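With compact mmCIF, C-alpha atoms inside, this is work-v8.txt:
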```txt
# COMPACT_ATOMS: atom_id res chain seq x y z
CA SER J 12 0.00 0.00 0.00
CA THR J 13 1.18 3.48 -0.77
CA GLN J 14 0.69 6.60 1.27
CA SER J 15 0.33 10.11 -0.01
CA THR J 16 0.01 13.29 1.98
CA TRP J 17 -2.48 15.92 0.98
CA GLY J 18 -2.63 18.92 3.24
CA LEU J 19 -3.02 17.74 6.83
CA MET J 20 -4.61 14.40 5.95
CA GLU J 21 -2.84 11.22 5.12
CA ILE J 22 -4.56 9.17 2.45
CA GLU J 23 -3.82 5.48 2.31
CA GLU J 24 -4.45 3.87 -1.03
CA ASP J 25 -5.23 0.17 -1.06
CA GLU J 26 -4.35 -1.95 -4.01
CA GLU J 27 -7.25 -4.29 -3.24
CA PRO J 28 -9.83 -4.32 -6.04
CA THR J 29 -13.31 -3.18 -5.10
CA ARG J 30 -16.23 -5.55 -5.49
CA PRO J 31 -19.57 -4.59 -7.04
CA LEU J 32 -22.16 -3.33 -4.55
CA LEU J 33 -24.58 -6.24 -5.09
CA GLU J 34 -21.78 -8.70 -4.39
CA GLU J 35 -20.66 -6.72 -1.37
CA LEU J 36 -24.19 -6.79 0.09
CA ASP J 37 -24.66 -10.48 -0.82
CA ILE J 38 -27.66 -9.80 -3.04
CA ASP J 39 -28.10 -12.65 -5.50
CA PHE J 40 -31.13 -12.14 -7.74
CA LEU J 41 -30.97 -15.67 -9.14
CA ASP J 42 -31.11 -17.10 -5.62
CA ILE J 43 -34.01 -14.80 -4.73
CA TYR J 44 -35.83 -15.92 -7.88
CA GLN J 45 -35.30 -19.61 -7.01
CA LYS J 46 -36.69 -19.07 -3.50
CA ILE J 47 -39.74 -17.18 -4.81
CA LYS J 48 -40.29 -20.02 -7.28
CA ALA J 49 -40.12 -22.52 -4.39
CA VAL J 50 -42.90 -20.59 -2.62
CA LEU J 51 -45.05 -20.32 -5.74
CA LEU J 52 -44.66 -24.06 -6.40
CA PRO J 53 -44.28 -25.61 -2.94
CA TYR J 54 -44.71 -29.16 -4.28
CA ASN J 55 -41.52 -28.96 -6.33
CA LEU J 56 -39.16 -30.94 -4.10
CA GLN J 57 -36.02 -30.24 -6.14
CA THR J 58 -36.07 -26.52 -5.40
CA ARG J 59 -36.98 -27.21 -1.77
CA THR J 60 -33.83 -29.10 -0.87
CA ASP J 61 -31.43 -26.15 -1.02
CA ASP J 62 -33.80 -23.36 -0.02
CA LEU J 63 -32.72 -23.07 3.59
CA SER J 64 -29.08 -24.06 3.19
CA ALA J 65 -28.11 -20.39 2.94
CA PRO J 66 -30.95 -18.11 4.11
CA ASP J 67 -30.54 -14.56 2.93
CA PHE J 68 -31.78 -11.27 4.34
CA TRP J 69 -32.38 -9.01 1.36
CA GLY J 70 -34.95 -11.10 -0.51
CA PRO J 71 -37.35 -11.40 2.44
CA PHE J 72 -36.65 -7.80 3.44
CA PHE J 73 -37.64 -6.46 0.02
CA LEU J 74 -40.70 -8.73 -0.13
CA VAL J 75 -41.92 -7.59 3.30
CA LEU J 76 -41.28 -3.98 2.29
CA LEU J 77 -43.20 -4.50 -0.97
CA TYR J 78 -46.07 -6.17 0.88
CA SER J 79 -46.29 -3.39 3.44
CA LEU J 80 -46.20 -0.70 0.75
CA LEU J 81 -48.89 -2.43 -1.33
CA MET J 82 -51.03 -3.22 1.67
CA LEU J 83 -50.88 0.18 3.29
CA TRP J 84 -50.86 2.37 0.20
CA GLY J 85 -49.80 5.85 1.23
CA GLN J 86 -49.43 5.11 4.94
CA LEU J 87 -45.67 4.96 5.38
CA LYS J 88 -45.94 5.18 9.16
CA ALA J 89 -47.42 1.67 9.24
CA VAL J 90 -44.49 0.03 7.41
CA SER J 91 -42.62 -0.36 10.69
CA TRP J 92 -45.66 -2.14 12.14
CA VAL J 93 -45.60 -4.72 9.33
CA PHE J 94 -41.88 -5.29 9.93
CA THR J 95 -42.53 -5.67 13.66
CA VAL J 96 -45.24 -8.26 13.00
CA TRP J 97 -42.90 -10.10 10.60
CA LEU J 98 -40.02 -10.16 13.10
CA GLY J 99 -42.21 -11.00 16.09
CA GLY J 100 -44.21 -13.66 14.29
CA SER J 101 -41.05 -15.21 12.88
CA PHE J 102 -39.51 -15.30 16.35
CA LEU J 103 -42.63 -16.99 17.72
CA LEU J 104 -42.58 -19.58 14.92
CA HIS J 105 -38.86 -20.15 15.50
CA PHE J 106 -39.46 -20.60 19.23
CA LEU J 107 -42.29 -23.07 18.60
CA GLY J 108 -40.14 -24.96 16.12
CA LYS J 109 -37.39 -25.28 18.73
CA VAL J 110 -39.91 -26.43 21.35
CA PHE J 111 -41.15 -29.13 18.95
CA GLY J 112 -37.56 -30.29 18.34
CA GLY J 113 -36.66 -28.45 15.14
CA GLU J 114 -33.13 -27.52 14.19
CA GLY J 115 -33.71 -24.45 11.99
CA THR J 116 -32.11 -21.08 12.63
CA PHE J 117 -33.92 -17.81 13.21
CA ALA J 118 -32.45 -16.49 9.94
CA ALA J 119 -34.00 -19.44 8.09
CA VAL J 120 -37.41 -18.78 9.66
CA LEU J 121 -37.16 -15.07 8.75
CA ALA J 122 -36.30 -16.02 5.17
CA VAL J 123 -39.14 -18.51 4.82
CA THR J 124 -41.80 -16.27 6.37
CA GLY J 125 -40.62 -13.38 4.21
CA TYR J 126 -40.58 -15.37 0.99
CA SER J 127 -43.93 -16.95 1.82
CA LEU J 128 -45.52 -13.51 1.56
CA VAL J 129 -45.40 -13.81 -2.24
CA PRO J 130 -49.01 -15.15 -2.51
CA LEU J 131 -50.22 -12.28 -0.31
CA ILE J 132 -48.32 -9.80 -2.49
CA LEU J 133 -50.08 -11.22 -5.54
CA LEU J 134 -53.38 -10.84 -3.70
CA CYS J 135 -52.63 -7.20 -2.90
CA LEU J 136 -51.93 -6.57 -6.56
CA TYR J 137 -55.32 -7.68 -7.83
CA LEU J 138 -57.62 -6.93 -4.89
CA PRO J 139 -58.09 -3.26 -5.90
CA PHE J 140 -59.70 -4.46 -9.11
CA MET J 141 -62.28 -6.53 -7.23
CA ARG J 142 -64.22 -3.85 -5.40
CA GLY J 143 -67.79 -4.90 -4.68
CA MET J 144 -67.12 -8.63 -5.08
CA ASN J 145 -67.06 -9.41 -1.37
CA ARG J 146 -67.54 -13.17 -1.57
CA VAL J 147 -64.90 -13.60 -4.27
CA THR J 148 -62.53 -11.41 -2.28
CA LEU J 149 -63.12 -13.46 0.86
CA VAL J 150 -62.45 -16.72 -0.99
CA LEU J 151 -59.29 -15.26 -2.53
CA LYS J 152 -58.05 -14.09 0.86
CA ILE J 153 -58.61 -17.55 2.36
CA VAL J 154 -56.93 -19.32 -0.57
CA HIS J 155 -53.90 -17.01 -0.58
CA THR J 156 -53.53 -17.21 3.19
CA LEU J 157 -53.59 -21.01 3.05
CA TRP J 158 -51.18 -20.96 0.10
CA SER J 159 -48.71 -18.82 2.07
CA ALA J 160 -49.11 -20.97 5.17
CA PHE J 161 -48.69 -24.21 3.20
CA ALA J 162 -45.55 -22.95 1.47
CA ALA J 163 -44.08 -21.77 4.79
CA ARG J 164 -44.88 -25.07 6.47
CA GLU J 165 -43.37 -27.10 3.63
CA LEU J 166 -40.19 -25.01 3.71
CA LEU J 167 -39.88 -24.76 7.51
CA VAL J 168 -40.61 -28.34 8.50
CA ASP J 169 -37.53 -30.52 8.20
CA ASP J 170 -37.24 -34.25 8.81
CA THR J 171 -37.02 -33.78 12.59
CA LEU J 172 -40.38 -31.96 12.62
CA ARG J 173 -42.19 -33.99 9.94
CA HIS J 174 -44.25 -35.96 12.49
CA ARG J 175 -45.27 -32.74 14.29
CA SER J 176 -45.89 -30.54 11.25
CA SER J 177 -49.63 -30.28 11.94
CA MET J 178 -48.89 -28.73 15.36
CA LEU J 179 -46.80 -26.04 13.69
CA ALA J 180 -49.30 -25.50 10.86
CA TYR J 181 -51.89 -23.75 13.04
CA PRO J 182 -49.57 -20.95 14.27
CA ILE J 183 -48.31 -20.47 10.70
CA VAL J 184 -51.89 -20.07 9.42
CA LEU J 185 -52.60 -17.58 12.22
CA PHE J 186 -49.47 -15.60 11.34
CA TYR J 187 -50.51 -15.18 7.70
CA ALA J 188 -54.16 -14.65 8.62
CA PHE J 189 -53.08 -11.77 10.84
CA LEU J 190 -50.98 -10.29 8.05
CA ILE J 191 -53.90 -10.45 5.58
CA SER J 192 -56.32 -9.08 8.19
CA MET J 193 -54.07 -6.01 8.42
CA HIS J 194 -54.86 -5.41 4.75
CA SER J 195 -58.60 -5.22 5.25
CA GLY J 196 -58.41 -3.51 8.62
CA VAL J 197 -60.50 -6.23 10.26
```
Would you write out, as structure tokens, the structure that this file holds?
Amino acid sequence: STQSTWGLMEIEEDEEPTRPLLEELDIDFLDIYQKIKAVLLPYNLQTRTDDLSAPDFWGPFFLVLLYSLLMLWGQLKAVSWVFTVWLGGSFLLHFLGKVFGGEGTFAAVLAVTGYSLVPLILLCLYLPFMRGMNRVTLVLKIVHTLWSAFAARELLVDDTLRHRSSMLAYPIVLFYAFLISMHSGV
């Protein structure tokens, strides 16, 4: 490394090459796409095997941010509430998983609960076009909530929890039901 003096400051120049910002922040769009695909098609076992091997932060973070912005259009003060519910609910699911004998990490639970918001994001995208169709809207909310819960359960439950997956399914459904109830204000 070389040093140069400029005025009263010493500037140290490193010869180390700089990495691109996305690489520096560990943002891998292909990995995020694969995890979203695993949530959209939870029966596809080939994509499921590596989903939790390296849980990331940015994919779920951006999905929760997108969900909160779509859900609470124009109410930026409520975004922190959605993040609090996501973090708190994920901690509760992680705690319950540990109580039932699971071996997953909190980062893995955060990733799965964040990625499993994709069906609810899709719902938020087309609900504004369904004003006045209350029964159809109710059915869509139930289907998308169950879809999110099923995807989260399939991705969270490992072989150690397979025999107790139904005990973890109920809190997962409640978590996503609460998130969708925030959308309607009920």
Exercise for the section: Check the smallest atom-to-atom distance from each of J:Leu87, J:Met82, J:Leu52, J:Ile43 to Trp69 in chain J using all atoms listed in the file, then report the winner. Expected result: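 Once distances to Trp69 in chain J are computed over all atoms listed in the file, the minimum belongs to J:Ile43.
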Handout entry: For Glu114 in chain J, the nearest of the candidates J:Leu185, J:Gln45, J:Thr171, J:Ile191, counting all atoms listed in the file
Key =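 Looking only at the distances to Glu114 in chain J, the closest residue turns out to be J:Thr171.
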Exercise for the section: Measuring atom to atom with all atoms listed in the file, identify which of J:Ile132, J:Leu41, J:Val168, J:Ala180 is nearest to Gly70 in chain J. Expected result: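 Closest to Gly70 in chain J, using all atoms listed in the file: J:Leu41.
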Practice task
Could you tell me how far CA of Lys152 in chain J lies from CA of Ser192 in chain J, in Å and to one decimal?
Solution key: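 That distance, rounded to one decimal, is 9.0 Å.
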Exercise for the section: Find the distance between CA of Leu131 in chain J and CA of Tyr54 in chain J and write it in Å to one decimal. Expected result: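 Separation of CA of Leu131 in chain J and CA of Tyr54 in chain J: 18.2 Å.
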Would you fill the gaps in range 162-190 of chain J so it has N, CA and C atoms, then print it as a tab-separated table (two decimals), keeping the file's coordinate frame?
```tsv
chain	number	residue	atom	x	y	z
J	162	ALA	N	-46.93	-23.09	1.97
J	162	ALA	CA	-45.55	-22.95	1.47
J	162	ALA	C	-44.58	-22.78	2.64
J	163	ALA	N	-44.95	-21.97	3.62
J	163	ALA	CA	-44.08	-21.77	4.79
J	163	ALA	C	-43.90	-23.07	5.56
J	164	ARG	N	-44.99	-23.80	5.73
J	164	ARG	CA	-44.88	-25.07	6.47
J	164	ARG	C	-44.01	-26.06	5.73
J	165	GLU	N	-44.17	-26.16	4.41
J	165	GLU	CA	-43.37	-27.10	3.63
J	165	GLU	C	-41.88	-26.73	3.67
J	166	LEU	N	-41.58	-25.43	3.71
J	166	LEU	CA	-40.19	-25.01	3.71
J	166	LEU	C	-39.58	-25.00	5.12
J	167	LEU	N	-40.40	-24.81	6.14
J	167	LEU	CA	-39.88	-24.76	7.51
J	167	LEU	C	-39.71	-26.13	8.13
J	168	VAL	N	-40.61	-27.04	7.83
J	168	VAL	CA	-40.61	-28.34	8.50
J	168	VAL	C	-39.55	-29.23	7.86
J	169	ASP	N	-38.56	-29.60	8.66
J	169	ASP	CA	-37.53	-30.52	8.20
J	169	ASP	C	-37.86	-31.94	8.67
J	170	ASP	N	-36.97	-32.85	8.47
J	170	ASP	CA	-37.24	-34.25	8.81
J	170	ASP	C	-37.46	-34.45	10.31
J	171	THR	N	-36.83	-33.63	11.15
J	171	THR	CA	-37.02	-33.78	12.59
J	171	THR	C	-38.41	-33.34	13.04
J	172	LEU	N	-39.05	-32.46	12.27
J	172	LEU	CA	-40.38	-31.96	12.62
J	172	LEU	C	-41.50	-32.57	11.79
J	173	ARG	N	-41.19	-33.47	10.87
J	173	ARG	CA	-42.19	-33.99	9.94
J	173	ARG	C	-43.38	-34.61	10.67
J	174	HIS	N	-43.15	-35.32	11.77
J	174	HIS	CA	-44.25	-35.96	12.49
J	174	HIS	C	-45.06	-34.97	13.34
J	175	ARG	N	-44.55	-33.77	13.52
J	175	ARG	CA	-45.27	-32.74	14.29
J	175	ARG	C	-45.64	-31.53	13.43
J	176	SER	N	-45.66	-31.69	12.14
J	176	SER	CA	-45.89	-30.54	11.25
J	176	SER	C	-47.29	-29.96	11.41
J	177	SER	N	-48.27	-30.81	11.77
J	177	SER	CA	-49.63	-30.28	11.94
J	177	SER	C	-49.72	-29.37	13.16
J	178	MET	N	-48.88	-29.61	14.18
J	178	MET	CA	-48.89	-28.73	15.36
J	178	MET	C	-48.30	-27.37	15.04
J	179	LEU	N	-47.39	-27.32	14.08
J	179	LEU	CA	-46.80	-26.04	13.69
J	179	LEU	C	-47.63	-25.34	12.62
J	180	ALA	N	-48.51	-26.08	11.94
J	180	ALA	CA	-49.30	-25.50	10.86
J	180	ALA	C	-50.28	-24.45	11.38
J	181	TYR	N	-50.89	-24.69	12.51
J	181	TYR	CA	-51.89	-23.75	13.04
J	181	TYR	C	-51.29	-22.37	13.34
J	182	PRO	N	-50.15	-22.27	14.06
J	182	PRO	CA	-49.57	-20.95	14.27
J	182	PRO	C	-49.13	-20.27	12.97
J	183	ILE	N	-48.70	-21.06	11.99
J	183	ILE	CA	-48.31	-20.47	10.70
J	183	ILE	C	-49.52	-19.88	10.00
J	184	VAL	N	-50.65	-20.60	10.02
J	184	VAL	CA	-51.89	-20.07	9.42
J	184	VAL	C	-52.32	-18.80	10.15
J	185	LEU	N	-52.23	-18.78	11.47
J	185	LEU	CA	-52.60	-17.58	12.22
J	185	LEU	C	-51.70	-16.40	11.89
J	186	PHE	N	-50.42	-16.66	11.70
J	186	PHE	CA	-49.47	-15.60	11.34
J	186	PHE	C	-49.87	-14.94	10.02
J	187	TYR	N	-50.13	-15.75	8.99
J	187	TYR	CA	-50.51	-15.18	7.70
J	187	TYR	C	-51.93	-14.63	7.70
J	188	ALA	N	-52.81	-15.21	8.50
J	188	ALA	CA	-54.16	-14.65	8.62
J	188	ALA	C	-54.11	-13.27	9.25
J	189	PHE	N	-53.22	-13.10	10.23
J	189	PHE	CA	-53.08	-11.77	10.84
J	189	PHE	C	-52.53	-10.77	9.84
J	190	LEU	N	-51.55	-11.20	9.05
J	190	LEU	CA	-50.98	-10.29	8.05
J	190	LEU	C	-52.01	-9.88	7.00
```
